[in-house]
$ cat coords_2.cif   # mmCIF, C-alpha atoms
data_data
loop_
_atom_site.label_atom_id
_atom_site.label_comp_id
_atom_site.auth_asym_id
_atom_site.auth_seq_id
_atom_site.Cartn_x
_atom_site.Cartn_y
_atom_site.Cartn_z
CA MET A 1014 77.80 9.70 90.43
CA ASN A 1015 77.77 9.63 94.24
CA ALA A 1016 75.13 11.04 96.61
CA VAL A 1017 76.87 14.40 97.01
CA SER A 1018 77.07 14.85 93.23
CA GLN A 1019 73.33 14.15 92.97
CA GLN A 1020 72.48 16.68 95.65
CA PHE A 1021 74.82 19.42 94.40
CA PRO A 1022 75.02 19.02 90.62
CA SER A 1023 76.84 22.32 89.99
CA LEU A 1024 79.81 21.28 92.11
CA ASP A 1025 82.68 19.17 90.81
CA ARG A 1026 82.58 15.85 92.61
CA SER A 1027 86.20 15.99 93.80
CA TRP A 1028 85.76 19.59 95.00
CA ALA A 1029 82.55 18.74 96.89
CA ASP A 1030 84.09 15.62 98.43
CA ALA A 1031 87.19 17.52 99.59
CA ALA A 1032 85.08 20.31 101.10
CA MET A 1033 82.79 17.76 102.79
CA HIS A 1034 85.74 15.82 104.26
CA GLU A 1035 87.26 18.99 105.67
CA LEU A 1036 83.92 19.98 107.21
CA ILE A 1037 83.57 16.51 108.73
CA ALA A 1038 87.11 16.81 110.05
CA ARG A 1039 86.11 20.10 111.71
CA GLY A 1040 83.17 18.37 113.38
CA ALA A 1041 80.43 20.05 111.32
CA SER A 1042 76.86 18.80 111.68
CA SER A 1043 75.15 17.29 108.63
CA ALA A 1044 73.01 20.46 108.41
CA ALA A 1045 76.10 22.70 108.39
CA ILE A 1046 77.77 20.56 105.71
CA GLY A 1047 74.63 20.67 103.60
CA ASP A 1048 74.31 24.44 104.02
CA ALA A 1049 77.93 25.08 103.00
CA LEU A 1050 77.70 22.83 99.93
CA ALA A 1051 74.28 24.17 98.92
CA THR A 1052 75.59 27.73 99.19
CA ALA A 1053 78.47 26.91 96.83
CA ASP A 1054 76.19 24.92 94.52
CA ALA A 1055 73.64 27.74 94.22
CA HIS A 1056 76.38 30.29 93.50
CA CYS A 1057 77.94 28.11 90.80
CA ALA A 1058 74.51 27.47 89.24
CA ASP A 1059 73.91 31.25 89.08
CA SER A 1060 77.38 32.34 87.96
CA GLY A 1061 78.17 29.44 85.62
CA GLU A 1062 81.59 29.14 87.27
CA SER A 1063 83.11 25.91 88.45
CA ALA A 1064 83.49 25.52 92.20
CA GLY A 1065 87.25 25.81 91.83
CA GLU A 1066 86.94 29.10 89.92
CA ALA A 1067 84.43 30.64 92.31
CA PHE A 1068 85.69 29.35 95.64
CA GLY A 1069 89.27 28.22 95.07
CA ASP A 1070 90.66 25.50 97.30
CA PRO A 1071 87.79 23.42 98.76
CA ARG A 1072 89.61 22.95 102.07
CA ALA A 1073 90.12 26.69 102.44
CA TYR A 1074 86.42 27.25 101.71
CA ALA A 1075 85.45 24.61 104.27
CA ALA A 1076 87.85 26.14 106.78
CA SER A 1077 86.17 29.54 106.32
CA VAL A 1078 82.70 28.24 107.27
CA PRO A 1079 81.93 29.38 110.84
CA LEU A 1080 81.09 26.41 113.06
CA SER A 1081 79.64 26.90 116.50
CA GLY A 1082 76.53 25.90 118.44
CA ASP A 1083 74.15 23.78 116.39
CA ARG A 1084 76.51 23.84 113.40
CA LEU A 1085 78.66 21.31 115.24
CA ALA A 1086 77.81 17.62 115.48
CA HIS A 1087 76.84 16.73 119.05
CA GLU A 1088 76.33 12.98 119.02
CA GLN A 1089 76.71 11.40 122.46
CA LEU A 1090 77.83 7.91 123.39
CA GLY A 1091 74.18 6.96 123.92
CA ASP A 1092 73.32 7.98 120.34
CA TYR A 1093 76.04 5.72 118.94
CA LEU A 1094 74.96 2.82 121.17
CA ALA A 1095 71.30 3.26 120.18
CA ALA A 1096 72.18 3.25 116.48
CA ALA A 1097 74.43 0.20 116.94
CA ARG A 1098 71.88 -2.04 118.73
CA PRO A 1099 70.72 -4.07 115.70
CA SER A 1100 74.31 -4.51 114.59
CA ILE A 1101 75.36 -5.74 118.05
CA VAL A 1102 72.61 -8.38 117.99
CA GLY A 1103 73.54 -9.36 114.42
CA LEU A 1104 77.22 -9.62 115.33
CA VAL A 1105 76.48 -11.88 118.30
CA GLY A 1106 74.27 -14.04 116.08
CA MET A 1107 76.95 -14.29 113.41
CA MET A 1108 79.73 -15.31 115.79
CA LEU A 1109 77.44 -17.82 117.51
CA ALA A 1110 76.50 -19.31 114.12
CA PHE A 1111 80.17 -19.77 113.26
CA ARG A 1112 80.72 -21.55 116.58
CA VAL A 1113 77.67 -23.78 115.97
CA LEU A 1114 78.92 -24.84 112.54
CA ASP A 1115 82.47 -25.31 113.80
CA SER A 1116 81.19 -27.46 116.65
CA GLN A 1117 78.89 -29.50 114.45
CA LEU A 1118 81.73 -30.24 112.08
CA GLY A 1119 83.96 -31.11 115.08
CA GLY A 1120 81.20 -32.99 116.86
CA THR A 1121 81.32 -31.14 120.20
CA LEU A 1122 79.24 -28.83 122.33
CA VAL A 1123 79.28 -25.18 121.32
CA PRO A 1124 81.97 -23.32 123.27
CA VAL A 1125 81.69 -19.58 123.73
CA THR A 1126 85.23 -18.38 124.32
CA TRP A 1127 86.80 -15.35 125.91
CA GLY A 1128 87.89 -14.42 122.41
CA ASP A 1129 84.28 -14.39 121.22
CA VAL A 1130 83.11 -12.15 124.05
CA LEU A 1131 86.09 -9.81 123.90
CA GLY A 1132 85.77 -9.75 120.10
CA VAL A 1133 82.14 -8.59 120.25
CA VAL A 1134 82.88 -6.01 122.95
CA GLY A 1135 85.97 -4.86 121.05
CA ILE A 1136 84.14 -4.52 117.74
CA LEU A 1137 81.40 -2.54 119.48
CA ALA A 1138 83.98 -0.21 121.07
CA PHE A 1139 85.85 0.02 117.77
CA SER A 1140 82.68 0.96 115.84
CA ILE A 1141 81.79 3.63 118.38
CA ALA A 1142 85.35 4.99 118.30
CA ILE A 1143 85.24 5.16 114.49
CA ALA A 1144 81.95 7.08 114.58
CA ARG A 1145 83.13 9.33 117.42
CA TYR A 1146 86.55 10.10 115.98
CA VAL A 1147 85.69 10.18 112.28
CA ALA A 1148 86.87 13.80 112.26
CA VAL A 1149 90.36 12.79 113.42
CA ILE A 1150 90.48 9.97 110.86
CA PHE A 1151 89.58 12.34 108.04
CA ARG A 1152 92.11 14.89 109.30
CA HIS A 1153 94.94 12.32 109.35
CA LYS A 1154 93.75 10.05 106.56
CA VAL A 1155 96.75 7.73 106.15
CA ALA A 1156 97.54 7.32 109.85
CA GLY A 1157 93.85 7.18 110.76
CA PHE A 1158 92.95 4.43 108.31
CA LEU A 1159 96.14 2.51 109.16
CA VAL A 1160 95.32 2.52 112.87
CA ALA A 1161 91.70 1.57 112.10
CA TRP A 1162 92.80 -1.39 109.97
CA VAL A 1163 95.32 -2.61 112.53
CA CYS A 1164 92.64 -2.43 115.25
CA ALA A 1165 90.14 -4.27 113.05
CA LEU A 1166 92.68 -6.98 112.29
CA GLY A 1167 93.47 -7.36 116.00
CA LEU A 1168 89.77 -7.74 116.82
CA ILE A 1169 89.33 -10.39 114.13
CA MET A 1170 92.26 -12.32 115.63
CA LEU A 1171 90.82 -12.30 119.18
CA PRO A 1172 88.39 -15.26 118.72
CA ILE A 1173 91.14 -17.19 116.92
CA LEU A 1174 93.80 -16.62 119.59
CA LEU A 1175 91.77 -16.63 122.83
CA THR A 1176 90.17 -20.06 122.67
CA THR A 1177 89.63 -20.66 126.41
CA PRO A 1178 85.92 -21.53 126.77
CA LEU A 1179 83.90 -19.19 128.96
CA PHE A 1180 80.87 -21.50 128.86
CA THR A 1181 79.31 -24.07 126.56
CA LEU A 1182 75.88 -24.32 125.02
CA ARG A 1183 73.92 -27.23 123.61
CA VAL A 1184 73.92 -27.13 119.84
CA TRP A 1185 70.18 -26.62 119.48
CA VAL A 1186 70.23 -23.77 122.04
CA ALA A 1187 73.15 -22.05 120.35
CA ALA A 1188 71.67 -22.56 116.86
CA SER A 1189 68.30 -21.17 117.98
CA LEU A 1190 69.94 -18.16 119.61
CA ALA A 1191 72.05 -17.52 116.51
CA ALA A 1192 69.06 -17.75 114.16
CA ALA A 1193 66.93 -15.54 116.40
CA ALA A 1194 69.69 -12.94 116.73
CA LEU A 1195 70.39 -12.85 112.99
CA LEU A 1196 66.75 -12.60 111.97
CA GLY A 1197 66.06 -10.19 114.82
CA SER A 1198 68.86 -7.85 113.79
CA ALA A 1199 67.64 -7.70 110.18
CA ILE A 1200 64.03 -7.11 111.19
CA TRP A 1201 65.08 -4.57 113.83
CA ALA A 1202 67.27 -2.65 111.36
CA THR A 1203 64.41 -2.61 108.83
CA ALA A 1204 61.91 -1.43 111.44
CA ILE A 1205 64.14 1.39 112.71
CA ASP A 1206 64.91 2.65 109.19
CA ASP A 1207 66.69 5.72 110.53
CA GLU A 1208 69.79 5.81 108.39
CA PRO A 1209 71.17 9.28 109.14
CA ASP A 1210 71.88 11.61 106.24
CA PRO A 1211 75.53 12.60 106.21
CA VAL A 1212 74.60 15.80 104.37
CA LEU A 1213 71.30 17.62 104.84
CA ASP A 1214 70.42 19.88 101.92
CA PRO A 1215 68.64 22.95 103.38
CA ARG A 1216 66.98 24.04 100.13
CA PRO A 1217 63.19 23.92 99.92
CA GLY A 1218 61.97 20.80 98.20
CA ALA A 1219 65.39 19.15 98.22
CA GLU A 1220 65.01 15.41 98.52
CA PRO A 1221 67.77 13.45 100.20
CA PRO A 1222 69.26 11.01 97.70
CA SER A 1223 67.92 7.53 98.29
CA PRO A 1224 70.42 4.73 97.86
CA PRO A 1225 69.42 1.82 95.62
CA ARG A 1226 66.85 -0.45 97.27
CA ALA A 1227 69.10 -3.49 96.84
CA PHE A 1228 71.84 -1.67 98.80
CA LEU A 1229 69.44 -0.83 101.62
CA VAL A 1230 68.24 -4.44 101.84
CA LEU A 1231 71.83 -5.68 101.84
CA THR A 1232 72.84 -3.35 104.70
CA ARG A 1233 69.90 -4.51 106.81
CA TRP A 1234 70.54 -8.19 106.12
CA LEU A 1235 74.31 -7.71 106.23
CA PHE A 1236 74.93 -10.11 109.14
CA VAL A 1237 72.69 -12.80 107.64
CA VAL A 1238 74.59 -12.57 104.34
CA ALA A 1239 77.97 -12.42 106.10
CA THR A 1240 77.02 -15.46 108.21
CA ALA A 1241 76.05 -17.45 105.12
CA VAL A 1242 79.33 -16.56 103.41
CA GLY A 1243 81.35 -17.25 106.56
CA CYS A 1244 79.68 -20.61 107.13
CA GLY A 1245 80.43 -21.55 103.53
CA LEU A 1246 84.10 -20.71 104.05
CA ILE A 1247 84.27 -22.68 107.31
CA TRP A 1248 82.70 -25.67 105.60
CA VAL A 1249 85.21 -25.44 102.71
CA ILE A 1250 88.15 -25.13 105.14
CA HIS A 1251 86.96 -28.17 107.09
CA SER A 1252 86.45 -30.13 103.86
CA VAL A 1253 89.93 -29.29 102.60
CA ALA A 1254 91.56 -29.92 105.99
CA GLY A 1255 89.65 -33.10 106.73
CA MET B 1492 81.73 43.62 82.04
CA PRO B 1493 82.36 46.71 84.24
CA VAL B 1494 86.04 47.51 84.70
CA ASN B 1495 87.39 47.88 88.21
CA PRO B 1496 88.84 51.42 88.24
CA TYR B 1497 90.18 51.36 91.82
CA PRO B 1498 93.11 49.56 93.45
CA SER B 1499 91.95 46.28 94.93
CA GLU B 1500 93.46 47.08 98.36
CA TRP B 1501 91.12 50.10 98.64
CA LEU B 1502 88.14 47.93 97.75
CA ARG B 1503 89.03 45.20 100.24
CA GLY B 1504 88.88 47.76 103.03
CA VAL B 1505 85.32 48.77 102.27
CA LEU B 1506 83.94 45.44 101.09
CA VAL B 1507 81.96 44.79 104.27
CA LEU B 1508 80.43 48.25 104.07
CA ALA B 1509 79.61 47.73 100.38
CA VAL B 1510 77.92 44.39 101.08
CA GLN B 1511 75.91 45.98 103.89
CA ARG B 1512 74.95 48.75 101.45
CA VAL B 1513 73.62 46.23 98.92
CA LEU B 1514 71.65 44.49 101.66
CA ALA B 1515 70.27 47.81 102.88
CA ASP B 1516 68.13 47.81 99.70
CA GLY B 1517 66.47 44.58 100.79
CA PRO B 1518 67.10 40.84 101.13
CA THR B 1519 69.00 39.27 98.27
CA TYR B 1520 71.19 36.27 97.45
CA GLY B 1521 74.93 35.87 97.14
CA TYR B 1522 75.38 35.99 93.39
CA ALA B 1523 73.12 39.06 93.11
CA ILE B 1524 75.31 40.78 95.71
CA ALA B 1525 78.42 39.92 93.68
CA VAL B 1526 76.82 41.30 90.50
CA ALA B 1527 75.73 44.50 92.26
CA LEU B 1528 79.25 45.04 93.59
CA GLU B 1529 80.77 44.39 90.17
CA GLU B 1530 78.44 47.01 88.68
CA GLN B 1531 79.70 49.47 91.29
CA GLY B 1532 83.31 48.98 90.22
CA PHE B 1533 84.40 46.37 92.76
CA GLY B 1534 85.46 43.94 90.07
CA THR B 1535 84.58 40.26 90.27
CA ILE B 1536 83.97 39.22 93.88
CA LYS B 1537 84.70 35.52 94.17
CA GLY B 1538 82.45 33.26 96.19
CA GLY B 1539 85.43 32.34 98.34
CA THR B 1540 85.62 35.99 99.43
CA LEU B 1541 81.94 36.90 99.57
CA TYR B 1542 80.41 33.99 101.50
CA PRO B 1543 82.90 33.92 104.39
CA LEU B 1544 82.22 37.67 104.77
CA LEU B 1545 78.46 37.04 104.80
CA SER B 1546 78.96 34.22 107.29
CA ARG B 1547 80.88 36.55 109.59
CA LEU B 1548 78.03 39.07 109.39
CA GLU B 1549 75.59 36.25 110.20
CA GLU B 1550 77.71 35.14 113.16
CA ALA B 1551 77.76 38.75 114.38
CA GLY B 1552 73.96 38.88 114.24
CA GLN B 1553 73.98 41.57 111.53
CA VAL B 1554 72.44 39.32 108.87
CA THR B 1555 69.82 36.60 108.83
CA VAL B 1556 69.64 33.91 106.17
CA GLU B 1557 66.73 32.11 104.57
CA TRP B 1558 66.69 29.49 101.85
CA ARG B 1559 64.03 30.20 99.23
CA ALA B 1560 62.91 28.01 96.36
CA GLY B 1561 64.53 28.87 93.04
CA GLU B 1562 62.66 29.51 89.81
CA GLY B 1563 63.47 26.45 87.76
CA GLY B 1564 66.82 26.13 89.47
CA PRO B 1565 68.21 25.28 92.87
CA GLY B 1566 67.03 27.25 95.88
CA ARG B 1567 68.88 30.38 96.82
CA LYS B 1568 70.15 31.57 100.16
CA TYR B 1569 68.79 35.05 100.84
CA TYR B 1570 70.56 37.39 103.21
CA ALA B 1571 68.77 40.20 105.05
CA LEU B 1572 70.10 42.90 107.36
CA THR B 1573 68.86 42.68 110.93
CA ASP B 1574 68.08 45.81 112.93
CA SER B 1575 71.53 45.66 114.49
CA GLY B 1576 73.04 45.09 111.04
CA ARG B 1577 71.28 48.17 109.72
CA ALA B 1578 72.43 50.20 112.73
CA ALA B 1579 76.00 48.99 112.19
CA PHE B 1580 75.78 49.90 108.50
CA GLU B 1581 74.51 53.42 109.23
CA SER B 1582 77.19 53.94 111.86
CA GLU B 1583 79.98 52.68 109.60
CA ALA B 1584 78.61 54.58 106.59
CA ALA B 1585 78.74 57.81 108.62
CA ALA B 1586 82.26 56.99 109.82
CA TRP B 1587 83.31 56.21 106.26
CA ALA B 1588 81.90 59.54 105.01
CA GLY B 1589 83.91 61.37 107.64
CA PHE B 1590 87.04 59.37 106.83
CA ALA B 1591 86.65 59.91 103.08
CA GLN B 1592 86.14 63.63 103.62
CA HIS B 1593 89.18 63.82 105.86
CA ILE B 1594 91.38 61.94 103.39
CA THR B 1595 90.07 64.03 100.50
CA SER B 1596 90.92 67.25 102.36
CA PHE B 1597 94.31 65.89 103.27
CA VAL B 1598 95.15 64.82 99.72
CA GLN B 1599 93.76 68.01 98.17
CA ALA B 1600 95.80 70.13 100.59
CA HIS B 1601 98.90 68.56 99.06
CA THR B 1602 97.59 69.12 95.55
CA GLU B 1603 96.84 72.77 96.22
CA THR B 1604 100.06 73.65 98.08
CA GLY B 1605 102.35 71.24 96.29
CA ALA B 1606 103.66 69.92 99.62
CA VAL B 1607 102.42 68.51 102.90
CA ARG B 1608 103.43 70.62 105.85
#
$ encode --input "coords_2.cif" --output "structure tokens"
Amino acid sequence: MNAVSQQFPSLDRSWADAAMHELIARGASSAAIGDALATADAHCADSGESAGEAFGDPRAYAASVPLSGDRLAHEQLGDYLAAARPSIVGLVGMMLAFRVLDSQLGGTLVPVTWGDVLGVVGILAFSIAIARYVAVIFRHKVAGFLVAWVCALGLIMLPILLTTPLFTLRVWVAASLAAAALLGSAIWATAIDDEPDPVLDPRPGAEPPSPPRAFLVLTRWLFVVATAVGCGLIWVIHSVAG
Amino acid sequence: MPVNPYPSEWLRGVLVLAVQRVLADGPTYGYAIAVALEEQGFGTIKGGTLYPLLSRLEEAGQVTVEWRAGEGGPGRKYYALTDSGRAAFESEAAAWAGFAQHITSFVQAHTETGAVR
């Protein structure tokens, strides 16, 4: 059972998901999505009908919901950047940690390449674009996800292809910076604790569904975990190659 | 279950007025409106028809909405006529009465004379 099914138990999961995706595609705010789904949920609870019987096609229902003013999502670039700050720090720490390990295994100084810098900037821009244009992606699911994956793949390739060093760091400086950035991002993400609700249930007493604690911890320590896994892979690759 | 005795195309034309009429009795929630309309011979009003209509009335400022806690169930969305909604209802109800009277006279003229001149 997903979060939407928990919040709106009288709605079929596939119906609720389809209606929610269409509302997201129309740029609805989380409050407007919650209101539309709660309205359908309350009606189905009263009438005993399924959502399909009472409301028909979920996309048609979502398309009939008036959206204007505060019913539309109005996130600005600054909001996305503010939300992304811990992730940016974690990403920098992770890439620096990979460079430190790679350098230690190769016995050199730690080079920070154009690929590293462009990769971080690109991933930041990519993440903001995903958040900003999620409506377009949901509207054109196949093309949207295909473009997103191609972009993500291209960004991953940047540090591999653009190896010209921009500057070098001593190992202990780079390792300290990487550790500080990784720990800092996890602590920062935990301190902010402002995971936005994609769907706000307007009903009195409605509690937003809380994801499992282990999932929350994992998301906040995501870059630390990813760095540990990545470093393990780099070490294995070096062992096999060398 | 009450049977719908009237052609559905007639009912569609007066559905907004009928919903306003139900709300004129006081704030109520969507399913209760559907039940009240069914009892008045409108047949089963599906949620996919009723709620977009209520949303249009809300957008037009004729209705306000309020979520209230449910009794042992989920909360319900209550709809209430605003002053402008009540004025619109009274105006349209008067217009409808005139229209119905006109159509009745027109149709009965045919019935009485056997032809429309």
$ residues_around --input "coords_2.cif" --residues "Ala1202 of chain A" --least-positions-apart "4" --cutoff "6 Å" --atoms "only C-alpha atoms" --output "VMD selection string"
chain A and resid 1099 1198 1233
$ resolve_selection --input "coords_2.cif" --expression "the PyMOL selection byres ((chain A) within 9 of (chain B))" --output "JSON, numbers by chain"
{"A": [1021, 1051, 1052, 1053, 1054, 1055, 1056, 1057, 1058, 1059, 1060, 1064, 1066, 1067, 1068, 1069, 1070, 1073, 1074, 1077, 1078, 1079, 1215, 1216, 1217, 1218, 1219]}
$ residues_near_point --input "coords_2.cif" --point "(69.3, -13.3, 104.5)" --cutoff "12 Å" --atoms "only C-alpha atoms" --output "ChimeraX atom specification"
/A:1103,1107,1192,1195-1200,1230-1242
$ atom_distance --input "coords_2.cif" --atom1 "atom CA of Leu1528 of chain B" --atom2 "atom CA of Asp1048 of chain A"
23.6 Å
$ closest_residue --input "coords_2.cif" --among "A:Ile1136, A:Ala1142, A:Ala1148, A:Cys1244" --to "Ala1041 of chain A" --atoms "all atoms listed in the file"
A:Ala1148
$ residues_around --input "coords_2.cif" --residues "segment 1113-1123 of chain A" --least-positions-apart "5" --cutoff "7 Å" --atoms "all atoms listed in the file" --output "list of chain:residue names"
A:Thr1181, A:Leu1182, A:Arg1183, A:Val1184, A:Ala1187, A:Ala1188, A:Cys1244
$ atom_distance --input "coords_2.cif" --atom1 "atom CA of Ala1600 of chain B" --atom2 "atom CA of Arg1503 of chain B"
25.8 Å
$ resolve_selection --input "coords_2.cif" --expression "the PyMOL selection byres ((chain B and resi 1532) around 12)" --output "list in words"
Met1492, Pro1493, Val1494, Asn1495, Pro1496, Tyr1497, Pro1498, Ser1499, Trp1501, Leu1502, Leu1506, Ala1509, Ala1525, Val1526, Ala1527, Leu1528, Glu1529, Glu1530, Gln1531, Phe1533, Gly1534, Thr1535 and Ile1536 of chain B
$ closest_residue --input "coords_2.cif" --among "A:Val1105, A:Val1125, A:Ala1193, A:Leu1246" --to "Thr1176 of chain A" --atoms "only C-alpha atoms"
A:Val1125
$ resolve_selection --input "coords_2.cif" --expression "the PyMOL selection byres ((chain B and resi 1569-1579) around 9)" --output "CSV table (one decimal) with C-alpha atoms, keeping the file's coordinate frame"
chain,number,residue,atom,x,y,z
B,1511,GLN,CA,75.9,46.0,103.9
B,1514,LEU,CA,71.6,44.5,101.7
B,1515,ALA,CA,70.3,47.8,102.9
B,1517,GLY,CA,66.5,44.6,100.8
B,1518,PRO,CA,67.1,40.8,101.1
B,1519,THR,CA,69.0,39.3,98.3
B,1520,TYR,CA,71.2,36.3,97.4
B,1521,GLY,CA,74.9,35.9,97.1
B,1545,LEU,CA,78.5,37.0,104.8
B,1548,LEU,CA,78.0,39.1,109.4
B,1549,GLU,CA,75.6,36.2,110.2
B,1551,ALA,CA,77.8,38.8,114.4
B,1552,GLY,CA,74.0,38.9,114.2
B,1553,GLN,CA,74.0,41.6,111.5
B,1554,VAL,CA,72.4,39.3,108.9
B,1555,THR,CA,69.8,36.6,108.8
B,1556,VAL,CA,69.6,33.9,106.2
B,1557,GLU,CA,66.7,32.1,104.6
B,1558,TRP,CA,66.7,29.5,101.8
B,1559,ARG,CA,64.0,30.2,99.2
B,1567,ARG,CA,68.9,30.4,96.8
B,1568,LYS,CA,70.2,31.6,100.2
B,1580,PHE,CA,75.8,49.9,108.5
B,1581,GLU,CA,74.5,53.4,109.2
B,1582,SER,CA,77.2,53.9,111.9
B,1583,GLU,CA,80.0,52.7,109.6
B,1584,ALA,CA,78.6,54.6,106.6
$ closest_residue --input "coords_2.cif" --among "B:Ala1588, B:His1601, B:Ile1524, B:Glu1562" --to "Val1507 of chain B" --atoms "all atoms listed in the file"
B:Ile1524
$ atom_distance --input "coords_2.cif" --atom1 "atom CA of Leu1050 of chain A" --atom2 "atom CA of Val1513 of chain B"
23.8 Å
$ residues_around --input "coords_2.cif" --residues "Ala1045 of chain A" --least-positions-apart "2" --cutoff "12 Å" --atoms "all atoms listed in the file" --output "VMD selection string"
(chain A and resid 1032 to 1033 1036 to 1037 1039 to 1043 1047 to 1052 1075 1078 to 1086 1211 to 1215) or (chain B and resid 1546)
$ residues_around --input "coords_2.cif" --residues "segment 1128-1130 of chain A" --least-positions-apart "3" --cutoff "7 Å" --atoms "only C-alpha atoms" --output "PyMOL selection string"
chain A and resi 1125+1133-1134+1171-1176
$ build_atoms --input "coords_2.cif" --residues "segment 1584-1596 of chain B" --atoms "N, CA, C and O atoms" --output "short mmCIF file (atom, residue, chain, number, x, y, z; two decimals), in the coordinates of the input"
data_model
loop_
_atom_site.label_atom_id
_atom_site.label_comp_id
_atom_site.auth_asym_id
_atom_site.auth_seq_id
_atom_site.Cartn_x
_atom_site.Cartn_y
_atom_site.Cartn_z
N ALA B 1584 78.74 53.72 107.77
CA ALA B 1584 78.61 54.58 106.59
C ALA B 1584 78.93 56.03 106.98
O ALA B 1584 79.63 56.75 106.24
N ALA B 1585 78.46 56.45 108.15
CA ALA B 1585 78.74 57.81 108.62
C ALA B 1585 80.23 57.97 108.90
O ALA B 1585 80.85 58.99 108.53
N ALA B 1586 80.82 56.94 109.53
CA ALA B 1586 82.26 56.99 109.82
C ALA B 1586 83.06 57.03 108.53
O ALA B 1586 84.05 57.76 108.41
N TRP B 1587 82.62 56.23 107.55
CA TRP B 1587 83.31 56.21 106.26
C TRP B 1587 83.23 57.58 105.57
O TRP B 1587 84.23 58.06 105.01
N ALA B 1588 82.06 58.22 105.64
CA ALA B 1588 81.90 59.54 105.01
C ALA B 1588 82.87 60.53 105.63
O ALA B 1588 83.53 61.31 104.92
N GLY B 1589 82.98 60.48 106.95
CA GLY B 1589 83.91 61.37 107.64
C GLY B 1589 85.35 61.07 107.24
O GLY B 1589 86.15 61.99 106.97
N PHE B 1590 85.68 59.79 107.19
CA PHE B 1590 87.04 59.37 106.83
C PHE B 1590 87.38 59.81 105.40
O PHE B 1590 88.46 60.36 105.14
N ALA B 1591 86.43 59.56 104.49
CA ALA B 1591 86.65 59.91 103.08
C ALA B 1591 86.85 61.42 102.93
O ALA B 1591 87.72 61.88 102.18
N GLN B 1592 86.03 62.17 103.68
CA GLN B 1592 86.14 63.63 103.62
C GLN B 1592 87.50 64.09 104.15
O GLN B 1592 88.16 64.95 103.58
N HIS B 1593 87.90 63.47 105.25
CA HIS B 1593 89.18 63.82 105.86
C HIS B 1593 90.34 63.52 104.90
O HIS B 1593 91.22 64.36 104.69
N ILE B 1594 90.31 62.33 104.30
CA ILE B 1594 91.38 61.94 103.39
C ILE B 1594 91.38 62.84 102.15
O ILE B 1594 92.44 63.26 101.66
N THR B 1595 90.17 63.17 101.68
CA THR B 1595 90.07 64.03 100.50
C THR B 1595 90.69 65.40 100.81
O THR B 1595 91.48 65.93 100.01
N SER B 1596 90.36 65.95 101.97
CA SER B 1596 90.92 67.25 102.36
C SER B 1596 92.42 67.17 102.47
O SER B 1596 93.16 68.05 102.00
#
